[in-house]
file query16.cif (mmCIF, C-alpha atoms and all ligand atoms)
data_protein
loop_
_atom_site.label_atom_id
_atom_site.label_comp_id
_atom_site.auth_asym_id
_atom_site.auth_seq_id
_atom_site.Cartn_x
_atom_site.Cartn_y
_atom_site.Cartn_z
CA MET A 1 78.88 34.33 -84.57
CA ASP A 2 82.28 32.61 -85.00
CA ASN A 3 80.85 29.83 -87.12
CA GLU A 4 79.74 32.29 -89.77
CA LEU A 5 83.35 33.32 -90.21
CA ILE A 6 84.75 29.81 -90.15
CA ASN A 7 82.45 28.39 -92.77
CA LYS A 8 81.43 30.27 -95.89
CA ARG A 9 78.84 27.77 -97.11
CA TYR A 10 76.49 27.87 -94.12
CA LYS A 11 75.88 29.72 -90.89
CA ILE A 12 74.50 28.64 -87.53
CA ILE A 13 71.38 30.58 -86.57
CA ASN A 14 68.69 30.39 -83.89
CA ILE A 15 65.51 28.57 -84.77
CA THR A 16 62.58 30.88 -85.40
CA LYS A 17 58.93 29.93 -85.90
CA GLU A 18 59.16 30.33 -89.69
CA LEU A 19 61.94 27.74 -89.82
CA ILE A 20 59.97 25.02 -88.03
CA PRO A 21 58.57 23.40 -91.25
CA SER A 22 62.11 23.11 -92.68
CA ILE A 23 63.33 21.51 -89.45
CA ILE A 24 60.43 19.02 -89.50
CA LYS A 25 61.28 18.14 -93.10
CA ILE A 26 64.84 17.15 -92.13
CA ALA A 27 63.60 15.34 -89.01
CA ASP A 28 61.02 13.34 -91.00
CA LYS A 29 63.72 12.28 -93.45
CA GLU A 30 66.61 11.56 -91.08
CA LEU A 31 64.83 10.48 -87.89
CA GLY A 32 61.48 9.23 -89.18
CA ASN A 33 58.01 10.61 -89.85
CA ASN A 34 56.43 12.23 -86.78
CA PHE A 35 59.53 11.77 -84.60
CA ILE A 36 59.65 15.55 -84.13
CA LEU A 37 56.38 17.41 -83.87
CA PRO A 38 56.10 21.20 -84.22
CA SER A 39 55.24 21.47 -80.49
CA HIS A 40 58.63 19.93 -79.58
CA ILE A 41 60.40 22.75 -81.40
CA SER A 42 58.34 25.67 -80.22
CA GLU A 43 59.08 24.73 -76.62
CA ASN A 44 62.79 24.84 -77.30
CA GLN A 45 63.38 27.27 -80.09
CA HIS A 46 64.99 30.02 -78.02
CA ILE A 47 67.92 27.78 -77.18
CA SER A 48 67.96 25.54 -80.22
CA MET A 49 69.78 26.23 -83.45
CA CYS A 50 70.09 25.23 -87.06
CA ALA A 51 72.50 25.44 -89.98
CA SER A 52 71.37 27.55 -92.95
CA THR A 53 73.15 27.81 -96.30
CA ILE A 54 74.54 31.23 -97.12
CA LYS A 55 73.47 31.19 -100.78
CA LYS A 56 69.85 30.06 -100.53
CA ASN A 57 69.06 30.19 -96.80
CA LYS A 58 68.23 26.49 -96.94
CA ILE A 59 68.07 24.70 -93.60
CA ILE A 60 70.44 21.72 -93.67
CA GLY A 61 70.73 20.65 -90.04
CA PHE A 62 69.47 21.38 -86.54
CA LEU A 63 70.13 20.82 -82.86
CA LEU A 64 67.28 20.83 -80.31
CA ASN A 65 68.39 21.70 -76.80
CA GLN A 66 66.76 22.16 -73.46
CA ILE A 67 68.20 23.90 -70.42
CA LEU A 68 66.64 22.89 -67.12
CA THR A 69 67.18 23.44 -63.43
CA TYR A 70 67.66 20.28 -61.39
CA SER A 71 64.06 20.32 -60.15
CA GLU A 72 62.74 20.72 -63.68
CA PHE A 73 64.98 17.87 -64.84
CA LEU A 74 63.73 15.73 -61.95
CA SER A 75 60.09 16.32 -62.83
CA ILE A 76 60.48 15.73 -66.58
CA TYR A 77 63.11 12.96 -66.57
CA SER A 78 62.43 11.44 -63.12
CA ASN A 79 63.41 7.86 -64.03
CA ILE A 80 66.77 8.96 -65.37
CA ALA A 81 67.48 11.68 -62.79
CA GLU A 82 66.86 9.34 -59.86
CA LYS A 83 68.73 6.37 -61.30
CA TYR A 84 72.16 7.92 -61.98
CA ASP A 85 74.40 9.51 -59.30
CA CYS A 86 75.98 11.92 -61.80
CA PHE A 87 72.83 14.06 -61.73
CA ARG A 88 72.93 14.63 -57.98
CA ASN A 89 73.78 18.15 -56.77
CA ILE A 90 73.71 19.72 -60.23
CA LYS A 91 72.36 23.24 -60.50
CA LYS A 92 71.47 23.35 -64.18
CA ILE A 93 71.64 20.86 -66.98
CA GLY A 94 71.94 21.34 -70.75
CA ILE A 95 70.16 18.63 -72.69
CA ILE A 96 70.94 17.75 -76.29
CA LYS A 97 67.59 16.28 -77.26
CA THR A 98 68.08 15.73 -80.96
CA ILE A 99 70.52 16.52 -83.69
CA ALA A 100 70.14 15.82 -87.39
CA VAL A 101 71.85 16.92 -90.59
CA ASP A 102 70.35 16.49 -94.07
CA SER A 103 71.98 13.39 -95.57
CA LYS A 104 73.30 15.41 -98.54
CA TRP A 105 75.27 17.53 -96.06
CA GLN A 106 76.44 14.88 -93.59
CA GLN A 107 80.12 14.15 -92.90
CA LYS A 108 81.05 17.79 -93.60
CA GLY A 109 81.44 18.94 -90.02
CA ILE A 110 77.96 20.49 -89.62
CA GLY A 111 76.98 18.28 -86.65
CA THR A 112 80.32 19.13 -85.02
CA ASN A 113 79.75 22.82 -85.66
CA LEU A 114 76.26 22.74 -84.10
CA ILE A 115 77.59 21.06 -80.92
CA ASN A 116 80.57 23.44 -80.83
CA THR A 117 78.23 26.42 -81.02
CA LEU A 118 76.24 25.12 -78.05
CA LEU A 119 79.41 24.42 -76.03
CA ASN A 120 80.77 27.89 -76.79
CA LYS A 121 77.55 29.45 -75.54
CA ILE A 122 77.80 27.42 -72.35
CA TYR A 123 81.51 28.08 -71.77
CA LEU A 124 81.18 31.78 -72.61
CA LYS A 125 77.86 32.06 -70.72
CA CYS A 126 76.20 33.87 -73.62
CA ASP A 127 72.66 35.26 -73.62
CA ASP A 128 72.63 36.52 -70.07
CA GLN A 129 71.45 33.98 -67.56
CA ILE A 130 70.29 31.19 -69.85
CA TYR A 131 73.67 29.49 -70.28
CA SER A 132 75.24 30.32 -66.92
CA ASN A 133 75.73 27.79 -64.12
CA ILE A 134 75.32 24.72 -66.31
CA ASP A 135 77.17 21.86 -64.61
CA LEU A 136 76.46 19.05 -66.97
CA ILE A 137 75.39 18.29 -70.52
CA PHE A 138 73.14 15.30 -71.06
CA MET A 139 72.73 13.81 -74.52
CA MET A 140 70.36 11.10 -75.69
CA GLY A 141 71.69 9.09 -78.62
CA TRP A 142 69.55 7.00 -80.92
CA LYS A 143 70.79 3.39 -81.03
CA GLN A 144 69.16 1.60 -83.93
CA LYS A 145 67.85 -1.90 -83.36
CA ASN A 146 70.75 -3.11 -85.54
CA GLY A 147 73.20 -1.55 -83.06
CA ILE A 148 74.25 1.46 -85.16
CA ILE A 149 74.69 4.73 -83.23
CA ASN A 150 75.03 7.63 -85.67
CA ILE A 151 76.02 10.01 -82.91
CA SER A 152 79.03 7.88 -81.85
CA GLY A 153 81.52 9.98 -83.84
CA ILE A 154 80.33 13.19 -82.20
CA LYS A 155 80.17 11.51 -78.77
CA ASN A 156 83.85 10.52 -79.09
CA LYS A 157 84.95 13.85 -80.54
CA PHE A 158 83.51 15.80 -77.60
CA ASN A 159 84.42 13.24 -74.91
CA PHE A 160 80.91 12.41 -73.81
CA ILE A 161 80.75 9.51 -71.33
CA GLU A 162 78.16 6.75 -71.69
CA ILE A 163 76.20 6.19 -68.47
CA GLY A 164 73.50 3.78 -69.59
CA GLN A 165 70.96 2.65 -72.11
CA ILE A 166 67.17 2.43 -72.24
CA ASN A 167 65.91 -0.36 -74.46
CA ASN A 168 62.76 0.14 -76.55
CA PHE A 169 62.84 3.80 -75.55
CA TYR A 170 60.67 4.90 -78.48
CA TYR A 171 58.20 1.97 -78.35
CA ASN A 172 55.26 3.69 -76.61
CA ASN A 173 55.59 7.07 -78.30
CA SER A 174 55.99 5.48 -81.73
CA LEU A 175 52.55 3.93 -81.28
CA LYS A 176 51.06 7.06 -79.71
CA TYR A 177 52.31 9.47 -82.41
CA ASN A 178 52.47 7.01 -85.31
CA TYR A 179 56.21 7.55 -85.57
CA SER A 180 57.75 5.51 -88.38
CA CYS A 181 61.38 4.85 -87.60
CA PRO A 182 63.74 4.78 -90.62
CA VAL A 183 65.02 1.38 -89.44
CA CYS A 184 61.96 -0.32 -87.87
CA GLY A 185 59.43 1.10 -90.34
CA ASN A 186 55.82 1.31 -89.16
CA PRO A 187 55.35 1.42 -85.37
CA PRO A 188 56.26 0.05 -82.94
CA CYS A 189 59.90 1.10 -82.90
CA TYR A 190 62.35 -1.26 -81.21
CA CYS A 191 65.36 1.10 -81.15
CA SER A 192 67.06 2.13 -77.91
CA VAL A 193 68.53 5.28 -76.52
CA VAL A 194 72.06 5.57 -75.12
CA LEU A 195 72.57 8.13 -72.35
CA TYR A 196 75.70 10.29 -72.41
CA ILE A 197 76.96 13.04 -70.15
CA LYS A 198 79.71 15.64 -70.30
CA LYS A 199 80.75 17.56 -67.22
CA ILE A 200 81.30 21.29 -67.69
C1 LIG B 1 74.76 12.07 -86.51
C2 LIG B 1 74.80 13.28 -87.41
C3 LIG B 1 73.99 14.41 -86.79
C4 LIG B 1 76.25 13.75 -87.58
O1 LIG B 1 76.24 14.97 -88.31
P1 LIG B 1 77.40 15.28 -89.38
O2 LIG B 1 77.25 16.68 -89.81
O3 LIG B 1 77.37 14.24 -90.44
O4 LIG B 1 78.68 15.10 -88.44
P2 LIG B 1 80.15 15.63 -88.69
O5 LIG B 1 80.40 15.75 -90.16
O6 LIG B 1 80.35 16.83 -87.86
O7 LIG B 1 80.98 14.43 -88.13
C5 LIG B 1 81.20 14.29 -86.74
C6 LIG B 1 81.94 13.02 -86.47
O8 LIG B 1 81.03 11.94 -86.53
C7 LIG B 1 81.42 11.01 -87.50
N1 LIG B 1 80.19 10.58 -88.13
C8 LIG B 1 79.41 11.29 -88.96
N2 LIG B 1 78.33 10.56 -89.31
C9 LIG B 1 78.45 9.37 -88.67
C10 LIG B 1 77.67 8.18 -88.62
N3 LIG B 1 76.55 8.07 -89.33
N4 LIG B 1 78.11 7.15 -87.85
C11 LIG B 1 79.24 7.26 -87.13
N5 LIG B 1 80.03 8.36 -87.14
C12 LIG B 1 79.64 9.39 -87.90
C13 LIG B 1 82.34 11.73 -88.45
O9 LIG B 1 83.24 10.83 -89.03
C14 LIG B 1 82.99 12.74 -87.53
O10 LIG B 1 84.11 12.24 -86.85
P3 LIG B 1 85.58 12.65 -87.34
O11 LIG B 1 85.60 14.16 -87.45
O12 LIG B 1 86.44 12.12 -86.26
O13 LIG B 1 85.74 12.00 -88.66
C15 LIG B 1 74.25 12.94 -88.82
O14 LIG B 1 74.93 11.82 -89.31
C16 LIG B 1 72.76 12.65 -88.86
O15 LIG B 1 71.95 13.57 -88.91
N6 LIG B 1 72.37 11.37 -88.86
C17 LIG B 1 70.96 10.98 -88.98
C18 LIG B 1 70.14 11.39 -87.79
C19 LIG B 1 70.75 10.93 -86.51
O16 LIG B 1 71.10 9.76 -86.34
N7 LIG B 1 70.84 11.85 -85.55
C20 LIG B 1 71.36 11.57 -84.23
C21 LIG B 1 70.24 11.21 -83.33
S1 LIG B 1 70.85 11.09 -81.67
#

call {"tool": "encode", "arguments": {"input": "query16.cif", "output": "structure tokens"}}
result
Amino acid sequence: MDNELINKRYKIINITKELIPSIIKIADKELGNNFILPSHISENQHISMCASTIKKNKIIGFLLNQILTYSEFLSIYSNIAEKYDCFRNIKKIGIIKTIAVDSKWQQKGIGTNLINTLLNKIYLKCDDQIYSNIDLIFMMGWKQKNGIINISGIKNKFNFIEIGQINNFYYNNSLKYNYSCPVCGNPPCYCSVVLYIKKI
């Protein structure tokens, strides 16, 4: 993979079952306890990826993706799919569900590299049929209750367009799964999600 050549300190690899505990460890630290559950990753692992150090094979960041047909998107994300015109007439959609980099490794281009790897796969239509015919990428960005959006740098860098916001997006699930947000603390979580798209 190109990224392995570009960067000698880490490589971007697919997520395998054995790596799930390391991914959860980063998620618990950077996104909050129980925000990501193992079941979220096993559903997505074939198209999700992580950054692993070359020296010690330590997982230092990850990107969870989903690739859906329009009808799948409509059934899983009905409120969003029906509300925004940009989703009409799409064939397939790539969804960036979550991205996180271990705080010790942030601001070193790893988040950028993870997104670049996904975009390259989509533009080059790698892995047979999985990445072909994707019209749109949809990204959900965590907006903390204090207004901070950590993904804003990446959103600008890759020219994602903001289409809307859902307030208290995590409220119900934070109570259901006992998710403790790094900003709100114990549930409920009052943070929002900002919706971004990028046309392919
Ligand atoms: C958001 C996150 C994934 C970025 O990963 P990263 O490896 O640090 O990102 P990069 O080093 O590739 O930086 C990408 C751009 O974002 C900017 N950036 C990085 N962290 C940022 C932050 N916390 N707030 C705003 N911008 C940030 C960088 O300055 C860079 O822009 P530039 O190249 O123009 O300077 C990482 O900060 C993180 O894991 N945060 C905690 C979890 C989180 O909020 N995840 C996003 C949920 S949607």

call {"tool": "axis_aligned_box", "arguments": {"input": "query16.cif", "around": "ligand LIG 1 (chain B)", "padding_each_side": "6 Å", "output": "lines of an AutoDock Vina configuration file"}}
result
center_x = 78.3
center_y = 12.0
center_z = -86.1
size_x = 28.3
size_y = 21.7
size_z = 20.8

call {"tool": "residues_near_ligand", "arguments": {"input": "query16.cif", "ligand": "ligand LIG 1 (chain B)", "cutoff": "10 Å", "atoms": "all atoms listed in the file", "output": "MDAnalysis selection string"}}
result
chainID A and resid 26:32 51 60:63 96:116 139:144 148:158 182 193:195

call {"tool": "residues_around", "arguments": {"input": "query16.cif", "residues": "Phe87 in chain A", "least_positions_apart": "6", "cutoff": "9 Å", "atoms": "only C-alpha atoms", "output": "PyMOL selection string"}}
result
chain A and resi 70+80-81+93+136

call {"tool": "atom_distance", "arguments": {"input": "query16.cif", "atom1": "CA of Pro188 in chain A", "atom2": "CA of Phe35 in chain A"}}
result
12.3 Å

call {"tool": "residues_around", "arguments": {"input": "query16.cif", "residues": "Lys176 in chain A", "least_positions_apart": "4", "cutoff": "10 Å", "atoms": "only C-alpha atoms", "output": "PyMOL selection string"}}
result
chain A and resi 170-172+187-188

call {"tool": "closest_residue", "arguments": {"input": "query16.cif", "among": "A:Ser52, A:Ser132, A:Arg9, A:Glu162", "to": "Ile67 in chain A", "atoms": "all atoms listed in the file"}}
result
A:Ser132

call {"tool": "atom_distance", "arguments": {"input": "query16.cif", "atom1": "CA of Lys55 in chain A", "atom2": "CA of Leu119 in chain A"}}
result
26.3 Å

call {"tool": "residues_around", "arguments": {"input": "query16.cif", "residues": "Glu82 in chain A", "least_positions_apart": "6", "cutoff": "12 Å", "atoms": "all atoms listed in the file", "output": "NGL selection string"}}
result
:A and (70-71 or 73-76 or 88-89)

call {"tool": "write_last_selection", "arguments": {"input": "query16.cif", "atoms": "C-alpha atoms", "output": "mmCIF file, in the coordinates of the input"}}
result
data_model
loop_
_atom_site.group_PDB
_atom_site.id
_atom_site.type_symbol
_atom_site.label_atom_id
_atom_site.label_comp_id
_atom_site.auth_asym_id
_atom_site.auth_seq_id
_atom_site.Cartn_x
_atom_site.Cartn_y
_atom_site.Cartn_z
ATOM 1 C CA TYR A 70 67.660 20.280 -61.390
ATOM 2 C CA SER A 71 64.060 20.320 -60.150
ATOM 3 C CA PHE A 73 64.980 17.870 -64.840
ATOM 4 C CA LEU A 74 63.730 15.730 -61.950
ATOM 5 C CA SER A 75 60.090 16.320 -62.830
ATOM 6 C CA ILE A 76 60.480 15.730 -66.580
ATOM 7 C CA ARG A 88 72.930 14.630 -57.980
ATOM 8 C CA ASN A 89 73.780 18.150 -56.770
#

call {"tool": "atom_distance", "arguments": {"input": "query16.cif", "atom1": "CA of Ile200 in chain A", "atom2": "CA of Ile122 in chain A"}}
result
8.5 Å

call {"tool": "residues_around", "arguments": {"input": "query16.cif", "residues": "Ser42 in chain A", "least_positions_apart": "6", "cutoff": "9 Å", "atoms": "only C-alpha atoms", "output": "PDB file with C-alpha atoms, keeping the file's coordinate frame"}}
result
ATOM      1  CA  ILE A  15      65.510  28.570 -84.770  1.00  0.00           C
ATOM      2  CA  THR A  16      62.580  30.880 -85.400  1.00  0.00           C
ATOM      3  CA  LYS A  17      58.930  29.930 -85.900  1.00  0.00           C
ATOM      4  CA  ILE A  20      59.970  25.020 -88.030  1.00  0.00           C
TER       5      ILE A  20
END

call {"tool": "closest_residue", "arguments": {"input": "query16.cif", "among": "A:Ile59, A:Lys92, A:Cys50, A:Leu64", "to": "Gln129 in chain A", "atoms": "only C-alpha atoms"}}
result
A:Lys92

call {"tool": "decode", "arguments": {"input": "query16.cif", "residues": "range 43-104 of chain A", "atoms": "C-alpha atoms", "output": "PDB file, in the first residue's frame"}}
result
ATOM      1  CA  GLU A  43     -19.798  -5.534  11.161  1.00  0.00           C
ATOM      2  CA  ASN A  44     -17.407  -3.215   9.386  1.00  0.00           C
ATOM      3  CA  GLN A  45     -13.971  -4.694   9.624  1.00  0.00           C
ATOM      4  CA  HIS A  46     -13.631  -5.723   5.985  1.00  0.00           C
ATOM      5  CA  ILE A  47     -13.757  -2.109   4.869  1.00  0.00           C
ATOM      6  CA  SER A  48     -12.341  -0.402   7.925  1.00  0.00           C
ATOM      7  CA  MET A  49      -8.691   0.238   8.605  1.00  0.00           C
ATOM      8  CA  CYS A  50      -6.189   1.178  11.240  1.00  0.00           C
ATOM      9  CA  ALA A  51      -2.683   2.566  11.618  1.00  0.00           C
ATOM     10  CA  SER A  52      -0.090   0.217  13.131  1.00  0.00           C
ATOM     11  CA  THR A  53       3.460   1.152  14.122  1.00  0.00           C
ATOM     12  CA  ILE A  54       6.194  -0.545  12.128  1.00  0.00           C
ATOM     13  CA  LYS A  55       8.449  -1.233  15.124  1.00  0.00           C
ATOM     14  CA  LYS A  56       6.011  -2.727  17.627  1.00  0.00           C
ATOM     15  CA  ASN A  57       2.823  -3.315  15.613  1.00  0.00           C
ATOM     16  CA  LYS A  58       0.988  -1.050  18.046  1.00  0.00           C
ATOM     17  CA  ILE A  59      -2.391   0.224  16.889  1.00  0.00           C
ATOM     18  CA  ILE A  60      -2.408   4.028  17.054  1.00  0.00           C
ATOM     19  CA  GLY A  61      -5.494   5.057  15.090  1.00  0.00           C
ATOM     20  CA  PHE A  62      -8.485   3.708  13.202  1.00  0.00           C
ATOM     21  CA  LEU A  63     -11.215   4.576  10.729  1.00  0.00           C
ATOM     22  CA  LEU A  64     -14.560   2.735  10.730  1.00  0.00           C
ATOM     23  CA  ASN A  65     -16.344   2.817   7.398  1.00  0.00           C
ATOM     24  CA  GLN A  66     -19.507   1.426   5.963  1.00  0.00           C
ATOM     25  CA  ILE A  67     -20.412   1.060   2.307  1.00  0.00           C
ATOM     26  CA  LEU A  68     -24.123   0.835   1.591  1.00  0.00           C
ATOM     27  CA  THR A  69     -26.455   0.790  -1.373  1.00  0.00           C
ATOM     28  CA  TYR A  70     -29.088   3.518  -1.375  1.00  0.00           C
ATOM     29  CA  SER A  71     -31.796   1.151  -0.111  1.00  0.00           C
ATOM     30  CA  GLU A  72     -29.573  -0.038   2.732  1.00  0.00           C
ATOM     31  CA  PHE A  73     -28.773   3.578   3.604  1.00  0.00           C
ATOM     32  CA  LEU A  74     -32.481   4.407   3.543  1.00  0.00           C
ATOM     33  CA  SER A  75     -33.350   1.589   5.913  1.00  0.00           C
ATOM     34  CA  ILE A  76     -30.528   2.269   8.398  1.00  0.00           C
ATOM     35  CA  TYR A  77     -30.403   6.080   8.258  1.00  0.00           C
ATOM     36  CA  SER A  78     -34.004   6.811   7.197  1.00  0.00           C
ATOM     37  CA  ASN A  79     -34.311  10.166   9.005  1.00  0.00           C
ATOM     38  CA  ILE A  80     -31.179  11.514   7.369  1.00  0.00           C
ATOM     39  CA  ALA A  81     -31.677   9.914   3.938  1.00  0.00           C
ATOM     40  CA  GLU A  82     -35.197  11.316   3.581  1.00  0.00           C
ATOM     41  CA  LYS A  83     -34.404  14.769   4.915  1.00  0.00           C
ATOM     42  CA  TYR A  84     -31.560  15.825   2.589  1.00  0.00           C
ATOM     43  CA  ASP A  85     -31.845  16.083  -1.224  1.00  0.00           C
ATOM     44  CA  CYS A  86     -28.162  15.272  -1.737  1.00  0.00           C
ATOM     45  CA  PHE A  87     -28.871  11.595  -1.035  1.00  0.00           C
ATOM     46  CA  ARG A  88     -31.465  11.251  -3.789  1.00  0.00           C
ATOM     47  CA  ASN A  89     -30.507   9.140  -6.819  1.00  0.00           C
ATOM     48  CA  ILE A  90     -27.245   7.881  -5.346  1.00  0.00           C
ATOM     49  CA  LYS A  91     -26.235   4.324  -6.150  1.00  0.00           C
ATOM     50  CA  LYS A  92     -23.810   3.640  -3.330  1.00  0.00           C
ATOM     51  CA  ILE A  93     -22.614   5.622  -0.378  1.00  0.00           C
ATOM     52  CA  GLY A  94     -19.379   5.436   1.630  1.00  0.00           C
ATOM     53  CA  ILE A  95     -19.889   6.326   5.268  1.00  0.00           C
ATOM     54  CA  ILE A  96     -17.117   7.473   7.576  1.00  0.00           C
ATOM     55  CA  LYS A  97     -18.629   6.411  10.875  1.00  0.00           C
ATOM     56  CA  THR A  98     -15.785   7.123  13.247  1.00  0.00           C
ATOM     57  CA  ILE A  99     -12.166   8.100  13.192  1.00  0.00           C
ATOM     58  CA  ALA A 100      -9.811   8.358  16.146  1.00  0.00           C
ATOM     59  CA  VAL A 101      -6.073   8.615  16.659  1.00  0.00           C
ATOM     60  CA  ASP A 102      -4.320   7.945  19.978  1.00  0.00           C
ATOM     61  CA  SER A 103      -3.649  11.353  21.554  1.00  0.00           C
ATOM     62  CA  LYS A 104       0.110  10.653  21.688  1.00  0.00           C
TER      63      LYS A 104
END
